[in-house]
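Engineer: Structure file protein_36.pdb (PDB, C-alpha atoms) is given on the next line.
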```
ATOM      1  CA  MET A   1      27.036 -12.551   3.803  1.00  0.00           C
ATOM      2  CA  SER A   2      29.877 -10.718   5.432  1.00  0.00           C
ATOM      3  CA  GLN A   3      31.800 -12.483   8.162  1.00  0.00           C
ATOM      4  CA  SER A   4      30.222 -10.204  10.757  1.00  0.00           C
ATOM      5  CA  GLY A   5      26.726 -11.215   9.776  1.00  0.00           C
ATOM      6  CA  PHE A   6      25.867  -7.594   8.954  1.00  0.00           C
ATOM      7  CA  ALA A   7      25.297  -6.359   5.423  1.00  0.00           C
ATOM      8  CA  SER A   8      27.258  -3.303   4.335  1.00  0.00           C
ATOM      9  CA  THR A   9      24.538  -1.322   2.667  1.00  0.00           C
ATOM     10  CA  PRO A  10      24.819   2.100   1.034  1.00  0.00           C
ATOM     11  CA  ARG A  11      22.910   5.219   1.959  1.00  0.00           C
ATOM     12  CA  PRO A  12      19.155   4.702   1.377  1.00  0.00           C
ATOM     13  CA  PRO A  13      17.045   4.420  -0.652  1.00  0.00           C
ATOM     14  CA  TYR A  14      17.465   0.757  -1.538  1.00  0.00           C
ATOM     15  CA  TYR A  15      15.284  -2.342  -1.236  1.00  0.00           C
ATOM     16  CA  ALA A  16      14.942  -5.086   1.344  1.00  0.00           C
ATOM     17  CA  VAL A  17      13.403  -8.502   0.790  1.00  0.00           C
ATOM     18  CA  ILE A  18      12.315  -9.823   4.186  1.00  0.00           C
ATOM     19  CA  PHE A  19      11.885 -13.592   4.112  1.00  0.00           C
ATOM     20  CA  THR A  20      10.500 -15.204   7.265  1.00  0.00           C
ATOM     21  CA  SER A  21      10.272 -18.976   7.268  1.00  0.00           C
ATOM     22  CA  GLN A  22       9.622 -21.978   9.463  1.00  0.00           C
ATOM     23  CA  ARG A  23      11.730 -25.033   8.667  1.00  0.00           C
ATOM     24  CA  GLN A  24      10.215 -28.470   8.839  1.00  0.00           C
ATOM     25  CA  GLY A  25      11.396 -32.020   8.259  1.00  0.00           C
ATOM     26  CA  PRO A  26      14.849 -33.427   7.575  1.00  0.00           C
ATOM     27  CA  ASP A  27      17.672 -31.449   5.982  1.00  0.00           C
ATOM     28  CA  ASP A  28      17.263 -33.246   2.655  1.00  0.00           C
ATOM     29  CA  GLY A  29      19.534 -30.866   0.755  1.00  0.00           C
ATOM     30  CA  TYR A  30      18.299 -27.760   2.518  1.00  0.00           C
ATOM     31  CA  GLY A  31      21.601 -26.621   4.026  1.00  0.00           C
ATOM     32  CA  GLU A  32      23.519 -27.045   0.810  1.00  0.00           C
ATOM     33  CA  THR A  33      20.890 -25.256  -1.254  1.00  0.00           C
ATOM     34  CA  ALA A  34      20.580 -22.402   1.235  1.00  0.00           C
ATOM     35  CA  GLN A  35      24.336 -21.865   1.135  1.00  0.00           C
ATOM     36  CA  ARG A  36      24.309 -22.030  -2.665  1.00  0.00           C
ATOM     37  CA  MET A  37      21.533 -19.427  -2.845  1.00  0.00           C
ATOM     38  CA  VAL A  38      23.524 -17.052  -0.626  1.00  0.00           C
ATOM     39  CA  GLU A  39      26.524 -17.431  -2.931  1.00  0.00           C
ATOM     40  CA  LEU A  40      24.469 -17.167  -6.110  1.00  0.00           C
ATOM     41  CA  ALA A  41      22.565 -14.075  -4.956  1.00  0.00           C
ATOM     42  CA  ALA A  42      25.880 -12.357  -4.300  1.00  0.00           C
ATOM     43  CA  THR A  43      26.756 -12.671  -7.996  1.00  0.00           C
ATOM     44  CA  MET A  44      23.564 -10.961  -9.153  1.00  0.00           C
ATOM     45  CA  PRO A  45      23.561  -7.363 -10.463  1.00  0.00           C
ATOM     46  CA  GLY A  46      22.239  -4.931  -7.883  1.00  0.00           C
ATOM     47  CA  TYR A  47      22.851  -7.236  -4.909  1.00  0.00           C
ATOM     48  CA  LEU A  48      23.868  -5.276  -1.823  1.00  0.00           C
ATOM     49  CA  GLY A  49      24.082  -7.867   0.936  1.00  0.00           C
ATOM     50  CA  VAL A  50      22.221 -10.269   3.171  1.00  0.00           C
ATOM     51  CA  GLU A  51      21.566 -10.832   6.864  1.00  0.00           C
ATOM     52  CA  SER A  52      20.243 -14.201   7.960  1.00  0.00           C
ATOM     53  CA  VAL A  53      19.424 -15.858  11.268  1.00  0.00           C
ATOM     54  CA  ARG A  54      17.683 -19.101  12.172  1.00  0.00           C
ATOM     55  CA  GLY A  55      16.742 -19.989  15.720  1.00  0.00           C
ATOM     56  CA  GLU A  56      16.781 -23.349  17.412  1.00  0.00           C
ATOM     57  CA  ASP A  57      13.014 -23.694  16.863  1.00  0.00           C
ATOM     58  CA  GLY A  58      13.529 -23.498  13.097  1.00  0.00           C
ATOM     59  CA  LEU A  59      12.103 -20.007  12.643  1.00  0.00           C
ATOM     60  CA  GLY A  60      14.331 -17.960  10.365  1.00  0.00           C
ATOM     61  CA  ILE A  61      14.555 -14.430   9.046  1.00  0.00           C
ATOM     62  CA  THR A  62      16.664 -13.626   6.001  1.00  0.00           C
ATOM     63  CA  VAL A  63      16.824 -10.067   4.740  1.00  0.00           C
ATOM     64  CA  SER A  64      18.497  -9.486   1.393  1.00  0.00           C
ATOM     65  CA  TYR A  65      19.239  -5.985   0.150  1.00  0.00           C
ATOM     66  CA  TRP A  66      19.028  -4.812  -3.443  1.00  0.00           C
ATOM     67  CA  GLU A  67      19.632  -1.661  -5.428  1.00  0.00           C
ATOM     68  CA  SER A  68      16.327  -1.718  -7.249  1.00  0.00           C
ATOM     69  CA  GLU A  69      13.089  -3.530  -7.942  1.00  0.00           C
ATOM     70  CA  GLU A  70      14.619  -4.618 -11.237  1.00  0.00           C
ATOM     71  CA  ALA A  71      17.457  -6.351  -9.403  1.00  0.00           C
ATOM     72  CA  ILE A  72      14.927  -8.195  -7.218  1.00  0.00           C
ATOM     73  CA  ALA A  73      12.968  -9.285 -10.302  1.00  0.00           C
ATOM     74  CA  ASN A  74      16.145 -10.564 -11.966  1.00  0.00           C
ATOM     75  CA  TRP A  75      16.981 -12.628  -8.917  1.00  0.00           C
ATOM     76  CA  ARG A  76      13.430 -13.925  -8.702  1.00  0.00           C
ATOM     77  CA  ASN A  77      13.633 -15.035 -12.326  1.00  0.00           C
ATOM     78  CA  HIS A  78      16.935 -16.867 -11.969  1.00  0.00           C
ATOM     79  CA  ALA A  79      16.188 -20.489 -12.913  1.00  0.00           C
ATOM     80  CA  GLU A  80      18.224 -22.107 -10.147  1.00  0.00           C
ATOM     81  CA  HIS A  81      16.615 -19.825  -7.570  1.00  0.00           C
ATOM     82  CA  ALA A  82      13.156 -20.689  -8.868  1.00  0.00           C
ATOM     83  CA  THR A  83      13.942 -24.398  -8.512  1.00  0.00           C
ATOM     84  CA  ALA A  84      15.155 -23.869  -4.954  1.00  0.00           C
ATOM     85  CA  ARG A  85      11.996 -21.915  -4.062  1.00  0.00           C
ATOM     86  CA  ALA A  86       9.845 -24.749  -5.354  1.00  0.00           C
ATOM     87  CA  ARG A  87      11.720 -27.209  -3.110  1.00  0.00           C
ATOM     88  CA  GLY A  88      11.196 -24.821  -0.233  1.00  0.00           C
ATOM     89  CA  ARG A  89       7.456 -24.665  -0.772  1.00  0.00           C
ATOM     90  CA  GLU A  90       7.156 -28.417  -1.218  1.00  0.00           C
ATOM     91  CA  ALA A  91       9.474 -29.742   1.446  1.00  0.00           C
ATOM     92  CA  TRP A  92      11.595 -27.454   3.579  1.00  0.00           C
ATOM     93  CA  TYR A  93       9.164 -24.874   4.926  1.00  0.00           C
ATOM     94  CA  SER A  94       5.896 -25.374   6.738  1.00  0.00           C
ATOM     95  CA  ARG A  95       5.258 -21.669   6.223  1.00  0.00           C
ATOM     96  CA  TYR A  96       6.943 -18.584   4.856  1.00  0.00           C
ATOM     97  CA  GLU A  97       6.170 -14.925   4.372  1.00  0.00           C
ATOM     98  CA  LEU A  98       7.979 -12.652   1.955  1.00  0.00           C
ATOM     99  CA  ARG A  99       7.816  -8.888   2.029  1.00  0.00           C
ATOM    100  CA  VAL A 100       9.451  -6.454  -0.365  1.00  0.00           C
ATOM    101  CA  ALA A 101      10.169  -3.077   1.176  1.00  0.00           C
ATOM    102  CA  LYS A 102      11.888   0.156   0.250  1.00  0.00           C
ATOM    103  CA  VAL A 103      14.440   1.187   2.875  1.00  0.00           C
ATOM    104  CA  GLU A 104      13.975   4.882   3.502  1.00  0.00           C
ATOM    105  CA  ARG A 105      16.432   5.485   6.311  1.00  0.00           C
ATOM    106  CA  ALA A 106      19.035   3.569   8.232  1.00  0.00           C
ATOM    107  CA  TYR A 107      21.480   3.991  11.045  1.00  0.00           C
ATOM    108  CA  GLY A 108      23.685   1.857  13.198  1.00  0.00           C
ATOM    109  CA  GLY A 109      25.839   1.771  16.234  1.00  0.00           C
ATOM    110  CA  PRO A 110      26.587   1.772  18.986  1.00  0.00           C
ATOM    111  CA  PRO A 111      28.754   4.849  18.901  1.00  0.00           C
ATOM    112  CA  LYS A 112      31.387   4.004  21.500  1.00  0.00           C
ATOM    113  CA  ALA A 113      31.922   6.429  24.354  1.00  0.00           C
ATOM    114  CA  GLY A 114      34.312   9.134  23.257  1.00  0.00           C
ATOM    115  CA  ALA A 115      33.982   8.184  19.591  1.00  0.00           C
ATOM    116  CA  GLN A 116      32.272  11.461  18.741  1.00  0.00           C
TER     117      GLN A 116
ATOM    118  CA  MET B   1       4.613 -11.857  18.715  1.00  0.00           C
ATOM    119  CA  SER B   2       2.102 -14.448  17.668  1.00  0.00           C
ATOM    120  CA  GLN B   3       2.609 -17.992  18.871  1.00  0.00           C
ATOM    121  CA  SER B   4       3.611 -19.066  15.358  1.00  0.00           C
ATOM    122  CA  GLY B   5       6.440 -16.534  15.202  1.00  0.00           C
ATOM    123  CA  PHE B   6       4.859 -14.920  12.145  1.00  0.00           C
ATOM    124  CA  ALA B   7       3.276 -11.481  12.224  1.00  0.00           C
ATOM    125  CA  SER B   8      -0.246 -11.195  10.827  1.00  0.00           C
ATOM    126  CA  THR B   9       0.136  -8.088   8.740  1.00  0.00           C
ATOM    127  CA  PRO B  10      -2.505  -6.399   6.579  1.00  0.00           C
ATOM    128  CA  ARG B  11      -2.322  -5.748   2.869  1.00  0.00           C
ATOM    129  CA  PRO B  12       0.569  -3.357   2.075  1.00  0.00           C
ATOM    130  CA  PRO B  13       1.540  -0.604   2.271  1.00  0.00           C
ATOM    131  CA  TYR B  14       2.783  -0.558   5.847  1.00  0.00           C
ATOM    132  CA  TYR B  15       6.178  -0.085   7.481  1.00  0.00           C
ATOM    133  CA  ALA B  16       8.882  -2.449   8.684  1.00  0.00           C
ATOM    134  CA  VAL B  17      11.630  -1.638  11.175  1.00  0.00           C
ATOM    135  CA  ILE B  18      14.452  -4.100  10.576  1.00  0.00           C
ATOM    136  CA  PHE B  19      16.724  -4.320  13.620  1.00  0.00           C
ATOM    137  CA  THR B  20      19.834  -6.478  13.238  1.00  0.00           C
ATOM    138  CA  SER B  21      21.984  -6.863  16.329  1.00  0.00           C
ATOM    139  CA  GLN B  22      24.896  -8.770  17.762  1.00  0.00           C
ATOM    140  CA  ARG B  23      24.576  -9.630  21.449  1.00  0.00           C
ATOM    141  CA  GLN B  24      27.613  -9.456  23.690  1.00  0.00           C
ATOM    142  CA  GLY B  25      28.347 -10.082  27.344  1.00  0.00           C
ATOM    143  CA  PRO B  26      26.190 -11.487  30.145  1.00  0.00           C
ATOM    144  CA  ASP B  27      22.417 -11.356  30.168  1.00  0.00           C
ATOM    145  CA  ASP B  28      22.382  -8.563  32.750  1.00  0.00           C
ATOM    146  CA  GLY B  29      18.681  -7.842  32.358  1.00  0.00           C
ATOM    147  CA  TYR B  30      18.662  -8.257  28.604  1.00  0.00           C
ATOM    148  CA  GLY B  31      16.143 -11.101  28.366  1.00  0.00           C
ATOM    149  CA  GLU B  32      13.672  -9.462  30.687  1.00  0.00           C
ATOM    150  CA  THR B  33      13.925  -6.117  28.930  1.00  0.00           C
ATOM    151  CA  ALA B  34      13.625  -7.655  25.470  1.00  0.00           C
ATOM    152  CA  GLN B  35      10.451  -9.460  26.518  1.00  0.00           C
ATOM    153  CA  ARG B  36       9.084  -6.285  28.087  1.00  0.00           C
ATOM    154  CA  MET B  37       9.756  -4.311  24.880  1.00  0.00           C
ATOM    155  CA  VAL B  38       7.868  -6.893  22.813  1.00  0.00           C
ATOM    156  CA  GLU B  39       4.912  -6.594  25.167  1.00  0.00           C
ATOM    157  CA  LEU B  40       5.086  -2.805  25.347  1.00  0.00           C
ATOM    158  CA  ALA B  41       5.360  -2.361  21.571  1.00  0.00           C
ATOM    159  CA  ALA B  42       2.195  -4.423  21.165  1.00  0.00           C
ATOM    160  CA  THR B  43       0.277  -1.815  23.163  1.00  0.00           C
ATOM    161  CA  MET B  44       1.336   1.070  20.923  1.00  0.00           C
ATOM    162  CA  PRO B  45      -1.039   2.643  18.390  1.00  0.00           C
ATOM    163  CA  GLY B  46      -0.315   1.503  14.855  1.00  0.00           C
ATOM    164  CA  TYR B  47       1.577  -1.621  15.919  1.00  0.00           C
ATOM    165  CA  LEU B  48       0.973  -4.499  13.496  1.00  0.00           C
ATOM    166  CA  GLY B  49       3.244  -7.271  14.717  1.00  0.00           C
ATOM    167  CA  VAL B  50       6.804  -8.492  15.176  1.00  0.00           C
ATOM    168  CA  GLU B  51       8.999 -11.338  14.003  1.00  0.00           C
ATOM    169  CA  SER B  52      12.194 -12.028  15.913  1.00  0.00           C
ATOM    170  CA  VAL B  53      14.964 -14.612  15.733  1.00  0.00           C
ATOM    171  CA  ARG B  54      18.335 -14.880  17.457  1.00  0.00           C
ATOM    172  CA  GLY B  55      20.887 -17.486  16.489  1.00  0.00           C
ATOM    173  CA  GLU B  56      23.283 -19.387  18.690  1.00  0.00           C
ATOM    174  CA  ASP B  57      26.102 -17.011  17.720  1.00  0.00           C
ATOM    175  CA  GLY B  58      24.149 -14.086  19.175  1.00  0.00           C
ATOM    176  CA  LEU B  59      23.211 -12.479  15.863  1.00  0.00           C
ATOM    177  CA  GLY B  60      19.571 -11.465  15.879  1.00  0.00           C
ATOM    178  CA  ILE B  61      17.047  -9.987  13.493  1.00  0.00           C
ATOM    179  CA  THR B  62      13.849  -8.423  14.782  1.00  0.00           C
ATOM    180  CA  VAL B  63      11.376  -6.964  12.317  1.00  0.00           C
ATOM    181  CA  SER B  64       8.510  -4.953  13.738  1.00  0.00           C
ATOM    182  CA  TYR B  65       5.629  -3.826  11.549  1.00  0.00           C
ATOM    183  CA  TRP B  66       3.773  -0.534  11.843  1.00  0.00           C
ATOM    184  CA  GLU B  67       0.901   1.248  10.173  1.00  0.00           C
ATOM    185  CA  SER B  68       2.738   4.509   9.620  1.00  0.00           C
ATOM    186  CA  GLU B  69       5.859   6.556  10.152  1.00  0.00           C
ATOM    187  CA  GLU B  70       4.002   8.359  12.906  1.00  0.00           C
ATOM    188  CA  ALA B  71       3.466   5.100  14.776  1.00  0.00           C
ATOM    189  CA  ILE B  72       7.185   4.337  14.513  1.00  0.00           C
ATOM    190  CA  ALA B  73       8.048   7.798  15.826  1.00  0.00           C
ATOM    191  CA  ASN B  74       5.665   7.371  18.777  1.00  0.00           C
ATOM    192  CA  TRP B  75       7.308   4.095  19.701  1.00  0.00           C
ATOM    193  CA  ARG B  76      10.757   5.581  19.324  1.00  0.00           C
ATOM    194  CA  ASN B  77       9.778   8.378  21.690  1.00  0.00           C
ATOM    195  CA  HIS B  78       8.361   6.112  24.385  1.00  0.00           C
ATOM    196  CA  ALA B  79      10.458   6.796  27.488  1.00  0.00           C
ATOM    197  CA  GLU B  80      10.849   3.174  28.593  1.00  0.00           C
ATOM    198  CA  HIS B  81      11.866   2.178  25.079  1.00  0.00           C
ATOM    199  CA  ALA B  82      14.432   4.959  24.956  1.00  0.00           C
ATOM    200  CA  THR B  83      15.925   3.754  28.241  1.00  0.00           C
ATOM    201  CA  ALA B  84      16.101   0.189  26.916  1.00  0.00           C
ATOM    202  CA  ARG B  85      17.814   1.368  23.717  1.00  0.00           C
ATOM    203  CA  ALA B  86      20.433   3.181  25.752  1.00  0.00           C
ATOM    204  CA  ARG B  87      21.168  -0.015  27.715  1.00  0.00           C
ATOM    205  CA  GLY B  88      21.441  -1.848  24.412  1.00  0.00           C
ATOM    206  CA  ARG B  89      23.979   0.599  23.032  1.00  0.00           C
ATOM    207  CA  GLU B  90      25.999   0.635  26.245  1.00  0.00           C
ATOM    208  CA  ALA B  91      25.965  -3.011  27.247  1.00  0.00           C
ATOM    209  CA  TRP B  92      23.997  -5.612  25.351  1.00  0.00           C
ATOM    210  CA  TYR B  93      25.007  -5.109  21.731  1.00  0.00           C
ATOM    211  CA  SER B  94      28.451  -5.008  20.179  1.00  0.00           C
ATOM    212  CA  ARG B  95      26.791  -3.716  17.027  1.00  0.00           C
ATOM    213  CA  TYR B  96      23.371  -3.045  15.605  1.00  0.00           C
ATOM    214  CA  GLU B  97      21.859  -1.734  12.393  1.00  0.00           C
ATOM    215  CA  LEU B  98      18.371  -0.333  12.113  1.00  0.00           C
ATOM    216  CA  ARG B  99      16.535   0.197   8.856  1.00  0.00           C
ATOM    217  CA  VAL B 100      13.096   1.689   8.351  1.00  0.00           C
ATOM    218  CA  ALA B 101      11.389   0.470   5.200  1.00  0.00           C
ATOM    219  CA  LYS B 102       8.025   0.787   3.514  1.00  0.00           C
ATOM    220  CA  VAL B 103       6.569  -2.616   2.642  1.00  0.00           C
ATOM    221  CA  GLU B 104       5.228  -2.407  -0.883  1.00  0.00           C
ATOM    222  CA  ARG B 105       4.132  -5.985  -1.502  1.00  0.00           C
ATOM    223  CA  ALA B 106       3.931  -9.227   0.396  1.00  0.00           C
ATOM    224  CA  TYR B 107       2.940 -12.810  -0.078  1.00  0.00           C
ATOM    225  CA  GLY B 108       3.230 -16.076   1.758  1.00  0.00           C
ATOM    226  CA  GLY B 109       2.803 -19.766   1.530  1.00  0.00           C
ATOM    227  CA  PRO B 110       3.282 -22.454   0.795  1.00  0.00           C
ATOM    228  CA  PRO B 111      -0.002 -23.152  -0.899  1.00  0.00           C
ATOM    229  CA  LYS B 112      -0.541 -26.819  -0.123  1.00  0.00           C
ATOM    230  CA  ALA B 113      -1.040 -29.209  -3.012  1.00  0.00           C
ATOM    231  CA  GLY B 114      -4.686 -29.256  -3.977  1.00  0.00           C
ATOM    232  CA  ALA B 115      -5.428 -26.133  -1.951  1.00  0.00           C
ATOM    233  CA  GLN B 116      -6.166 -24.083  -5.044  1.00  0.00           C
TER     234      GLN B 116
END
```
Starting from the file, lay out its structure as structure tokens.
Structural biologist:
Amino acid sequence: MSQSGFASTPRPPYYAVIFTSQRQGPDDGYGETAQRMVELAATMPGYLGVESVRGEDGLGITVSYWESEEAIANWRNHAEHATARARGREAWYSRYELRVAKVERAYGGPPKAGAQ
Amino acid sequence: MSQSGFASTPRPPYYAVIFTSQRQGPDDGYGETAQRMVELAATMPGYLGVESVRGEDGLGITVSYWESEEAIANWRNHAEHATARARGREAWYSRYELRVAKVERAYGGPPKAGAQ
């Protein structure tokens, strides 16, 4: 994740994996594993970036960006990631939803006054 | 937004609008307008749901889900929404990124032990 919290993604098309989750229970290794997954994902081929937020109520949204479906599959198949997901299902999350989406267009801002 | 914080979306395909933003400055109507936009979006044709989280550092991710590109365009063209976006660009956000993506597959969990 960049220091700003925003991912620097290229011109579309590319892919987004939208992971929404509700934390439950004690930390029990969660924080360390989550940080490790962010670092590990960044080493994967086709990784473009990540944006991640968790609120005080434990609801979180993490969006990771990837060049291709193949890159997402590679990351999904990484053994350490698979182990972490299993811990997530068993202990850390009361619920999660994962959606894989193809980003078709993107823009940002705000353009500052006079910046045109 | 549902009480759980999760959107109840149908089987893909459908669309996701991923809005990442960094809040700045005083509230200055932000909270009220944000709540109003959530309520207004839910009245729009083709609206499927929203998931939204903002962290203590002011970084937020809101993902709204829509049946079609046309539904997204209708919402974008809603006058009150356009006014709110302008306030966001001018005052509430130091930066934002918006990505429109087509959700191709989705799954959730966790399946509880013995639930199979």
Engineer: Could you write out as lines of an AutoDock Vina configuration file the box around range 37-51 of chain B (axis-aligned, all atoms listed in the file, 4 Å on each side), with centre and edge lengths in Å to one decimal?
Structural biologist:
```
center_x = 4.4
center_y = -4.3
center_z = 19.4
size_x = 18.8
size_y = 22.0
size_z = 19.9
```
Engineer: Residues at most 8 Å from Ser68 in chain A, counting only C-alpha atoms, excluding those fewer than 4 positions away in the same chain, as a list in words?
Structural biologist: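 What passes the distance filter is Tyr14, Tyr15, Gly46 and Ile72 of chain A.
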Engineer: Mind listing as a PyMOL selection string which residues of chain B are within 8 Å of chain A, counting only C-alpha atoms?
Structural biologist: chain B and resi 5-6+16+20+51-56+59-61+89-90+93-112
Engineer: Rounded to one decimal, what separation in Å do you get between CA of Tyr47 in chain A and CA of Glu32 in chain A?
Structural biologist: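 Computing the Euclidean distance for CA of Tyr47 in chain A and CA of Glu32 in chain A yields 20.6 Å.
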Engineer: So how many Å separate CA of Ala82 in chain A and CA of Met37 in chain A, to one decimal?
Structural biologist: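 Taking CA of Ala82 in chain A and CA of Met37 in chain A, their separation equals 10.4 Å.
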Engineer: Pick the closest to Arg87 in chain A from A:Thr33, A:Ser64, A:Gln3, A:Thr9: which is it, counting only C-alpha atoms?
Structural biologist: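 Ranked by minimum distance to Arg87 in chain A, first place goes to A:Thr33.
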